[in-house]
>>> print(open('structure18.cif').read())   # mmCIF, C-alpha atoms and all ligand atoms
data_work
loop_
_atom_site.label_atom_id
_atom_site.label_comp_id
_atom_site.auth_asym_id
_atom_site.auth_seq_id
_atom_site.Cartn_x
_atom_site.Cartn_y
_atom_site.Cartn_z
CA MET Y 99 0.00 0.00 0.00
CA THR Y 100 1.19 3.53 -0.68
CA HIS Y 101 1.37 6.13 2.11
CA ASP Y 102 -1.64 7.90 0.63
CA GLU Y 103 -3.65 4.67 0.60
CA ILE Y 104 -2.82 4.03 4.24
CA LEU Y 105 -3.79 7.58 5.21
CA LYS Y 106 -7.05 7.27 3.28
CA GLY Y 107 -7.72 3.90 4.92
CA LEU Y 108 -7.10 5.40 8.35
CA TYR Y 109 -9.41 8.32 7.61
CA ASP Y 110 -12.24 6.16 6.20
CA ASN Y 111 -12.04 3.45 8.85
CA THR Y 112 -11.89 5.93 11.72
CA ILE Y 113 -15.07 7.55 10.42
CA LEU Y 114 -16.67 4.11 10.15
CA GLY Y 115 -15.45 3.21 13.65
CA LYS Y 116 -13.64 0.07 12.50
CA ALA Y 117 -11.12 -0.19 15.32
CA PRO Y 118 -9.33 -3.40 14.17
CA MET Y 119 -8.75 -1.93 10.69
CA VAL Y 120 -7.49 1.35 12.17
CA LYS Y 121 -5.12 -0.56 14.44
CA ASP Y 122 -3.79 -2.68 11.56
CA LEU Y 123 -3.37 0.33 9.28
CA THR Y 124 -1.56 2.27 12.01
CA ASN Y 125 0.89 -0.60 12.44
CA GLN Y 126 1.21 -0.95 8.69
CA GLY Y 127 1.86 2.79 8.35
CA LEU Y 128 4.65 2.60 10.91
CA GLY Y 129 6.07 -0.46 9.17
CA GLU Y 130 6.15 1.42 5.89
CA GLY Y 131 7.80 4.51 7.31
CA LEU Y 132 4.81 6.83 7.71
CA GLU Y 133 5.40 9.51 10.33
CA PRO Y 134 3.18 9.23 13.41
CA VAL Y 135 2.39 12.95 13.19
CA ASP Y 136 1.22 12.52 9.59
CA MET Y 137 -1.15 9.74 10.62
CA LEU Y 138 -2.44 11.96 13.37
CA TYR Y 139 -2.85 15.25 11.53
CA LYS Y 140 -3.54 14.01 8.00
CA ALA Y 141 -5.95 11.19 8.80
CA LEU Y 142 -7.11 10.61 12.39
CA ILE Y 143 -7.95 14.16 13.49
CA PRO Y 144 -9.61 15.11 10.17
CA ALA Y 145 -11.67 11.90 10.47
CA LEU Y 146 -13.04 12.95 13.86
CA GLN Y 147 -13.79 16.39 12.46
CA GLU Y 148 -15.83 14.73 9.73
CA VAL Y 149 -17.60 12.57 12.33
CA GLY Y 150 -18.53 15.76 14.20
CA ARG Y 151 -19.86 17.29 11.00
CA ARG Y 152 -21.97 14.21 10.28
CA PHE Y 153 -23.32 14.27 13.85
CA GLU Y 154 -24.22 17.92 13.45
CA VAL Y 155 -26.26 17.32 10.29
CA GLY Y 156 -27.95 14.23 11.76
CA ASP Y 157 -26.19 11.55 9.68
CA PHE Y 158 -24.40 10.15 12.75
CA PHE Y 159 -25.62 9.59 16.30
CA VAL Y 160 -23.81 9.06 19.61
CA PRO Y 161 -23.05 5.34 19.04
CA GLU Y 162 -21.27 6.16 15.77
CA MET Y 163 -19.30 8.95 17.46
CA LEU Y 164 -18.30 6.55 20.19
CA LEU Y 165 -17.11 3.89 17.74
CA SER Y 166 -15.02 6.47 15.88
CA ALA Y 167 -13.55 7.72 19.14
CA LYS Y 168 -12.65 4.16 20.14
CA ALA Y 169 -10.99 3.55 16.77
CA MET Y 170 -8.98 6.75 17.18
CA GLN Y 171 -7.99 5.81 20.73
CA GLY Y 172 -6.72 2.43 19.49
CA ALA Y 173 -4.41 4.23 17.08
CA LEU Y 174 -3.27 6.63 19.79
CA ILE Y 175 -2.25 3.75 22.04
CA ILE Y 176 0.15 2.64 19.33
CA LEU Y 177 1.36 6.13 18.40
CA ARG Y 178 1.66 7.56 21.90
CA PRO Y 179 5.08 6.10 22.81
CA LEU Y 180 6.47 7.36 19.51
CA LEU Y 181 5.09 10.84 19.98
CA ALA Y 182 5.80 11.21 23.65
CA ALA Y 183 8.84 9.28 24.75
CA LYS Y 184 9.70 11.10 27.95
CA GLY Y 185 12.35 13.82 27.93
CA GLU Y 186 15.38 13.42 30.13
CA LYS Y 187 14.54 16.25 32.47
CA SER Y 188 11.19 17.80 33.21
CA LEU Y 189 10.64 21.33 31.90
CA GLY Y 190 7.83 21.80 34.38
CA LYS Y 191 4.56 20.36 35.61
CA VAL Y 192 1.11 20.56 34.06
CA VAL Y 193 -2.13 19.45 35.68
CA MET Y 194 -4.71 18.65 32.99
CA GLY Y 195 -8.33 17.60 33.10
CA THR Y 196 -11.61 17.66 31.24
CA VAL Y 197 -14.05 19.81 33.17
CA LYS Y 198 -17.04 18.60 35.16
CA GLY Y 199 -19.96 17.36 33.05
CA ASP Y 200 -17.78 16.60 30.04
CA VAL Y 201 -16.38 13.21 29.02
CA HIS Y 202 -14.53 14.20 25.83
CA ASP Y 203 -10.89 13.31 26.35
CA ILE Y 204 -9.23 12.72 22.99
CA GLY Y 205 -8.22 16.38 22.54
CA LYS Y 206 -6.92 16.58 26.10
CA ASN Y 207 -5.01 13.33 25.68
CA LEU Y 208 -3.36 14.66 22.54
CA CYS Y 209 -2.31 17.77 24.44
CA ASN Y 210 -0.87 15.54 27.15
CA ILE Y 211 1.09 13.54 24.60
CA MET Y 212 2.55 16.68 23.06
CA LEU Y 213 3.31 18.20 26.47
CA GLU Y 214 5.08 15.04 27.58
CA GLY Y 215 6.81 15.02 24.24
CA ALA Y 216 8.02 18.55 24.85
CA GLY Y 217 9.44 17.48 28.24
CA PHE Y 218 6.69 18.31 30.73
CA GLU Y 219 5.46 16.11 33.55
CA VAL Y 220 1.70 15.83 33.09
CA ILE Y 221 -0.70 14.98 35.88
CA ASP Y 222 -3.89 13.91 34.13
CA LEU Y 223 -7.06 14.15 36.21
CA GLY Y 224 -9.17 12.46 33.53
CA VAL Y 225 -12.69 13.49 32.55
CA ASN Y 226 -15.66 14.98 34.39
CA THR Y 227 -13.28 16.66 36.84
CA PRO Y 228 -14.94 18.71 39.59
CA PRO Y 229 -13.41 22.04 40.65
CA ASP Y 230 -12.30 20.72 44.05
CA LYS Y 231 -10.27 17.97 42.35
CA PHE Y 232 -8.43 20.60 40.28
CA VAL Y 233 -7.83 22.65 43.42
CA ALA Y 234 -6.52 19.64 45.34
CA ALA Y 235 -4.20 18.69 42.47
CA VAL Y 236 -2.82 22.22 42.19
CA GLN Y 237 -2.26 22.25 45.95
CA GLN Y 238 -0.56 18.85 45.92
CA HIS Y 239 1.55 19.06 42.76
CA GLN Y 240 2.23 22.82 42.57
CA PRO Y 241 2.25 22.78 38.75
CA ASP Y 242 3.41 25.63 36.53
CA ILE Y 243 0.24 25.29 34.47
CA VAL Y 244 -3.26 23.93 34.95
CA GLY Y 245 -5.25 23.05 31.81
CA PHE Y 246 -9.02 22.82 31.51
CA SER Y 247 -10.51 21.03 28.51
CA ALA Y 248 -14.16 21.41 27.44
CA PHE Y 249 -15.88 20.15 24.31
CA LEU Y 250 -19.43 21.24 25.01
CA THR Y 251 -20.82 24.76 25.05
CA THR Y 252 -22.69 23.67 28.17
CA THR Y 253 -19.48 22.75 30.04
CA MET Y 254 -17.33 25.74 28.97
CA PRO Y 255 -18.68 27.83 31.90
CA MET Y 256 -16.79 25.42 34.16
CA PHE Y 257 -13.60 27.33 33.24
CA LYS Y 258 -14.79 30.33 35.17
CA ILE Y 259 -16.06 28.19 38.03
CA ASN Y 260 -12.72 26.36 38.26
CA ILE Y 261 -10.84 29.67 38.22
CA GLU Y 262 -13.08 31.01 41.00
CA ALA Y 263 -12.33 27.85 43.00
CA LEU Y 264 -8.60 28.43 42.53
CA LYS Y 265 -9.02 32.03 43.67
CA LYS Y 266 -10.96 30.96 46.74
CA ALA Y 267 -8.20 28.51 47.65
CA GLY Y 268 -5.59 31.28 47.26
CA LEU Y 269 -3.95 29.47 44.34
CA ARG Y 270 -4.87 31.61 41.33
CA ASP Y 271 -1.64 33.63 41.37
CA LYS Y 272 0.50 30.53 41.76
CA VAL Y 273 -0.44 28.85 38.49
CA LYS Y 274 -1.06 29.78 34.86
CA VAL Y 275 -4.42 28.68 33.51
CA MET Y 276 -4.71 27.33 29.96
CA VAL Y 277 -8.02 26.39 28.39
CA GLY Y 278 -9.01 24.64 25.19
CA GLY Y 279 -11.43 22.34 23.43
CA ALA Y 280 -13.37 22.31 20.18
CA PRO Y 281 -15.89 25.10 20.95
CA VAL Y 282 -13.42 27.32 22.88
CA ASN Y 283 -11.78 30.42 21.44
CA ALA Y 284 -9.40 33.13 22.64
CA HIS Y 285 -12.22 35.54 23.43
CA TYR Y 286 -14.04 32.99 25.57
CA ALA Y 287 -10.79 32.15 27.36
CA GLU Y 288 -10.29 35.80 28.16
CA VAL Y 289 -13.78 36.39 29.53
CA SER Y 290 -13.45 33.22 31.63
CA GLY Y 291 -10.38 34.69 33.27
CA ALA Y 292 -7.91 32.18 31.81
CA ASP Y 293 -4.35 33.22 31.01
CA TYR Y 294 -4.03 31.37 27.72
CA TYR Y 295 -6.05 29.66 25.02
CA CYS Y 296 -4.50 27.22 22.57
CA PRO Y 297 -6.33 25.76 19.59
CA ASP Y 298 -4.42 22.49 19.37
CA ALA Y 299 -1.91 20.19 20.99
CA SER Y 300 1.20 21.55 19.32
CA ALA Y 301 0.28 25.16 20.16
CA THR Y 302 -0.31 23.96 23.73
CA ALA Y 303 3.17 22.44 24.00
CA ARG Y 304 4.69 25.54 22.40
CA LYS Y 305 2.86 27.90 24.74
CA ALA Y 306 3.75 25.78 27.78
CA LYS Y 307 7.42 26.04 26.87
CA GLU Y 308 7.05 29.80 26.54
CA ILE Y 309 5.36 30.00 29.94
CA VAL Y 310 8.21 28.23 31.69
CA GLY Y 311 10.70 30.29 29.70
CA THR Y 312 12.14 27.52 27.57
CA THR Y 313 11.40 28.43 24.00
CA GLY Y 314 14.38 26.77 22.44
CA GLY Y 315 15.09 23.84 24.71
CA ALA Y 316 13.18 20.83 23.46
CA PRO Y 317 14.62 17.51 24.52
CA THR Y 318 16.41 15.43 21.94
CA GLY Y 319 15.44 12.20 20.23
CA VAL Y 320 12.42 10.81 18.43
CA LEU Y 321 10.11 12.73 20.64
CA ALA Y 322 11.67 16.10 19.99
CA GLN Y 323 11.59 15.41 16.28
CA ALA Y 324 7.88 14.58 16.48
CA VAL Y 325 7.11 17.74 18.43
CA ILE Y 326 9.17 19.92 16.12
CA ALA Y 327 7.59 18.33 13.04
CA VAL Y 328 4.09 19.03 14.34
CA GLU Y 329 5.02 22.57 15.34
CA GLN Y 330 6.41 23.26 11.89
CA MET Y 331 3.40 21.73 10.19
CA MET Y 332 0.97 23.71 12.31
CA SER Y 333 2.80 27.01 12.01
CA LYS Y 334 2.71 26.66 8.24
CA ALA Y 335 -0.94 25.66 8.24
CA GLU Y 336 -2.46 28.29 10.49
CA PRO Y 337 -2.01 31.83 11.77
CA GLU Y 338 -0.98 32.35 15.41
CA THR Y 339 -4.27 32.14 17.26
CA SER Y 340 -2.92 31.69 20.77
CA LYS Y 341 -3.63 34.47 23.16
CA GLN Y 342 -0.63 36.48 24.45
C1 LIG C 401 -15.82 11.76 19.77
C2 LIG C 401 -16.93 12.65 20.24
C3 LIG C 401 -17.72 12.21 21.31
C4 LIG C 401 -17.38 10.96 22.10
C5 LIG C 401 -16.24 11.32 23.08
C6 LIG C 401 -15.30 10.14 23.32
C7 LIG C 401 -14.04 10.59 24.02
N1 LIG C 401 -13.48 9.66 24.74
O1 LIG C 401 -13.56 11.72 23.92
C8 LIG C 401 -18.75 10.67 22.80
C9 LIG C 401 -19.55 9.74 21.93
C10 LIG C 401 -18.66 10.10 24.21
C11 LIG C 401 -19.41 12.04 22.74
C12 LIG C 401 -20.49 12.38 23.54
C13 LIG C 401 -21.19 13.58 23.41
N2 LIG C 401 -20.98 14.54 22.51
CO1 LIG C 401 -19.40 14.59 21.37
N3 LIG C 401 -18.17 14.66 20.00
C14 LIG C 401 -17.18 13.91 19.60
C15 LIG C 401 -16.49 14.48 18.35
C16 LIG C 401 -16.99 13.74 17.13
C17 LIG C 401 -14.99 14.47 18.34
C18 LIG C 401 -14.33 15.14 19.55
C19 LIG C 401 -12.85 14.89 19.47
O2 LIG C 401 -12.32 14.08 20.20
N4 LIG C 401 -12.19 15.55 18.50
C20 LIG C 401 -10.79 15.34 18.20
C21 LIG C 401 -9.90 16.29 18.95
C22 LIG C 401 -8.49 16.06 18.52
O3 LIG C 401 -10.42 17.56 18.75
P1 LIG C 401 -9.71 18.99 18.73
O4 LIG C 401 -10.74 20.02 19.07
O5 LIG C 401 -8.95 19.17 17.47
O6 LIG C 401 -8.69 18.91 19.96
C23 LIG C 401 -7.70 19.91 20.09
C24 LIG C 401 -8.17 21.20 20.77
O7 LIG C 401 -9.51 21.18 21.17
C25 LIG C 401 -7.16 21.43 21.87
N5 LIG C 401 -7.54 21.14 23.25
C26 LIG C 401 -8.38 20.21 23.73
N6 LIG C 401 -8.41 20.24 25.06
C27 LIG C 401 -7.54 21.20 25.46
C28 LIG C 401 -7.19 21.65 26.74
C29 LIG C 401 -6.27 22.69 26.85
C30 LIG C 401 -5.88 23.16 28.21
C31 LIG C 401 -5.73 23.30 25.69
C32 LIG C 401 -4.79 24.43 25.84
C33 LIG C 401 -6.08 22.85 24.42
C34 LIG C 401 -6.99 21.80 24.31
O8 LIG C 401 -6.07 20.53 21.56
C35 LIG C 401 -6.65 19.36 21.00
C36 LIG C 401 -5.60 18.51 20.30
O9 LIG C 401 -5.03 19.16 19.17
C37 LIG C 401 -16.97 15.98 18.41
C38 LIG C 401 -16.98 16.72 17.09
C39 LIG C 401 -15.89 17.76 17.00
N7 LIG C 401 -15.76 18.35 15.84
O10 LIG C 401 -15.16 18.05 17.93
C40 LIG C 401 -18.34 15.83 19.08
C41 LIG C 401 -18.96 16.99 19.89
C42 LIG C 401 -17.90 17.68 20.74
N8 LIG C 401 -19.92 16.31 20.76
C43 LIG C 401 -21.01 16.96 20.85
C44 LIG C 401 -22.13 16.53 21.62
C45 LIG C 401 -23.40 17.36 21.52
C46 LIG C 401 -22.04 15.39 22.45
C47 LIG C 401 -23.14 14.86 23.39
C48 LIG C 401 -23.92 15.92 24.19
C49 LIG C 401 -24.10 14.01 22.52
C50 LIG C 401 -25.31 13.46 23.24
N9 LIG C 401 -26.47 13.89 22.78
O11 LIG C 401 -25.20 12.69 24.16
C51 LIG C 401 -22.34 13.90 24.32
C52 LIG C 401 -21.84 14.61 25.58
C53 LIG C 401 -21.19 13.69 26.57
C54 LIG C 401 -20.55 14.48 27.71
N10 LIG C 401 -21.25 14.68 28.79
O12 LIG C 401 -19.41 14.90 27.58
C55 LIG C 401 -21.00 18.26 20.07
C56 LIG C 401 -20.82 19.48 20.98
C57 LIG C 401 -21.70 20.64 20.54
C58 LIG C 401 -21.51 21.82 21.41
N11 LIG C 401 -21.19 22.92 20.76
O13 LIG C 401 -21.65 21.78 22.60
C59 LIG C 401 -19.86 18.01 19.06
C60 LIG C 401 -19.11 19.31 18.62
C61 LIG C 401 -20.48 17.34 17.81
C62 LIG C 401 -21.33 18.29 16.99
N12 LIG C 401 -20.80 18.76 15.88
O14 LIG C 401 -22.43 18.61 17.35
N13 LIG C 401 -18.84 12.82 21.83
#
>>> encode(input="structure18.cif", output="structure tokens")
Amino acid sequence: MTHDEILKGLYDNTILGKAPMVKDLTNQGLGEGLEPVDMLYKALIPALQEVGRRFEVGDFFVPEMLLSAKAMQGALIILRPLLAAKGEKSLGKVVMGTVKGDVHDIGKNLCNIMLEGAGFEVIDLGVNTPPDKFVAAVQQHQPDIVGFSAFLTTTMPMFKINIEALKKAGLRDKVKVMVGGAPVNAHYAEVSGADYYCPDASATARKAKEIVGTTGGAPTGVLAQAVIAVEQMMSKAEPETSKQ
């Protein structure tokens, strides 16, 4: 199979939620020298975008979305070690979680992979994370950054609620707040009181490095190459949309 055929197969089978095919094609892609970041950004993520579009127009329902998500997650299990082999030293700590009421975690997990890839220690609180769990994690781990992910317009207001909870606990000034998720934008981040918004995982890793003052110091190895490749791809593909 050519690289293009594998990418097309990954795209089609992720949309159709055929997890075994997606797993096989991911392995085949690796075997034939396809870059993990290409599989991610040229096939898997666009496939989920198409699934979202089909859901929006009523062609797909929740079970189909779930199957596609599972297929994507199967591929991520294989790609994760290649994208995020740990750096030698930690650049800093990030606490990440999907906000209360929201179970979408693929976008957050991708951010975690890229952050780990860039050399950060990530403490992942999972999905449906209540404000007190974020507060406790910030207290316990004293991270440089806390990240809130939301994929529903109905759960985005949790950003503000989480930030209020941090303020109440006297922690707001001790940590930078990043927010993101499909319906989030820079304006919403600002009105929520967040410090930063990032539209995707590579911008998140880039911004995190900026926050801890390490713009040039990515770790070496496969992981650094993956992060740099994604950063280059994204900076060519889109204007700078991050806040600040
Ligand atoms: C897969 C999926 C599901 C799966 C989730 C499985 C999982 N484990 O995540 C399931 C089936 C469970 C699901 C359920 C629902 N879903 Co859904 N889902 C999707 C879908 C198709 C893909 C989401 C996804 O993973 N995208 C892939 C990632 C890579 O997206 P991404 O945005 O590019 O991610 C990047 C950025 O967002 C950013 N980022 C993400 N998090 C963070 C955090 C920080 C700190 C930063 C800086 C950046 C950042 O970086 C990411 C990586 O590059 C979207 C459609 C869409 N277009 O998003 C709908 C979508 C999000 N779902 C939607 C809906 C309505 C629902 C349900 C309410 C459906 C229902 N009636 O039950 C439920 C809600 C469940 C709940 N309480 O959370 C709507 C939301 C509409 C809205 N505006 O609120 C969408 C947009 C579909 C649509 N077009 O209508 N869903």
>>> closest_residue(input="structure18.cif", among="Y:Pro179, Y:Gly217, Y:Gly311, Y:Gly199", to="ligand LIG 401 (chain C)", atoms="all atoms listed in the file")
Y:Gly199
>>> atom_distance(input="structure18.cif", atom1="atom CA of Ala141 of chain Y", atom2="atom C34 of ligand LIG 401 (chain C)")
18.8 Å
>>> residues_around(input="structure18.cif", residues="segment 124-134 of chain Y", least_positions_apart="2", cutoff="7 Å", atoms="all atoms listed in the file", output="VMD selection string")
chain Y and resid 101 104 120 to 122 136 to 138 173 177
>>> closest_residue(input="structure18.cif", among="Y:Val244, Y:Leu181, Y:Ala234, Y:Ile113", to="Val149 of chain Y", atoms="only C-alpha atoms")
Y:Ile113
>>> closest_residue(input="structure18.cif", among="Y:Gln240, Y:Asn210, Y:Thr302, Y:Thr112", to="ligand LIG 401 (chain C)", atoms="all atoms listed in the file")
Y:Thr302
>>> residues_near_point(input="structure18.cif", point="(-16.1, 22.5, 29.5)", cutoff="12 Å", atoms="all atoms listed in the file", output="ChimeraX atom specification")
/Y:195-203,206,225-229,245-260,277-282,286-287,290
>>> atom_distance(input="structure18.cif", atom1="atom CA of Ile211 of chain Y", atom2="atom CA of Ala169 of chain Y")
17.5 Å
>>> atom_distance(input="structure18.cif", atom1="atom O12 of ligand LIG 401 (chain C)", atom2="atom CA of Pro118 of chain Y")
24.8 Å
>>> decode(input="structure18.cif", residues="segment 230-245 of chain Y", atoms="C-alpha atoms", output="PDB file, in the first residue's frame")
ATOM      1  CA  ASP Y 230     -12.298  20.716  44.053  1.00  0.00           C
ATOM      2  CA  LYS Y 231     -10.271  17.974  42.350  1.00  0.00           C
ATOM      3  CA  PHE Y 232      -8.425  20.600  40.280  1.00  0.00           C
ATOM      4  CA  VAL Y 233      -7.834  22.650  43.420  1.00  0.00           C
ATOM      5  CA  ALA Y 234      -6.516  19.636  45.339  1.00  0.00           C
ATOM      6  CA  ALA Y 235      -4.202  18.687  42.474  1.00  0.00           C
ATOM      7  CA  VAL Y 236      -2.815  22.216  42.189  1.00  0.00           C
ATOM      8  CA  GLN Y 237      -2.256  22.246  45.947  1.00  0.00           C
ATOM      9  CA  GLN Y 238      -0.563  18.846  45.923  1.00  0.00           C
ATOM     10  CA  HIS Y 239       1.553  19.059  42.763  1.00  0.00           C
ATOM     11  CA  GLN Y 240       2.229  22.817  42.565  1.00  0.00           C
ATOM     12  CA  PRO Y 241       2.249  22.783  38.751  1.00  0.00           C
ATOM     13  CA  ASP Y 242       3.411  25.629  36.528  1.00  0.00           C
ATOM     14  CA  ILE Y 243       0.237  25.292  34.472  1.00  0.00           C
ATOM     15  CA  VAL Y 244      -3.261  23.925  34.945  1.00  0.00           C
ATOM     16  CA  GLY Y 245      -5.247  23.055  31.812  1.00  0.00           C
TER      17      GLY Y 245
END
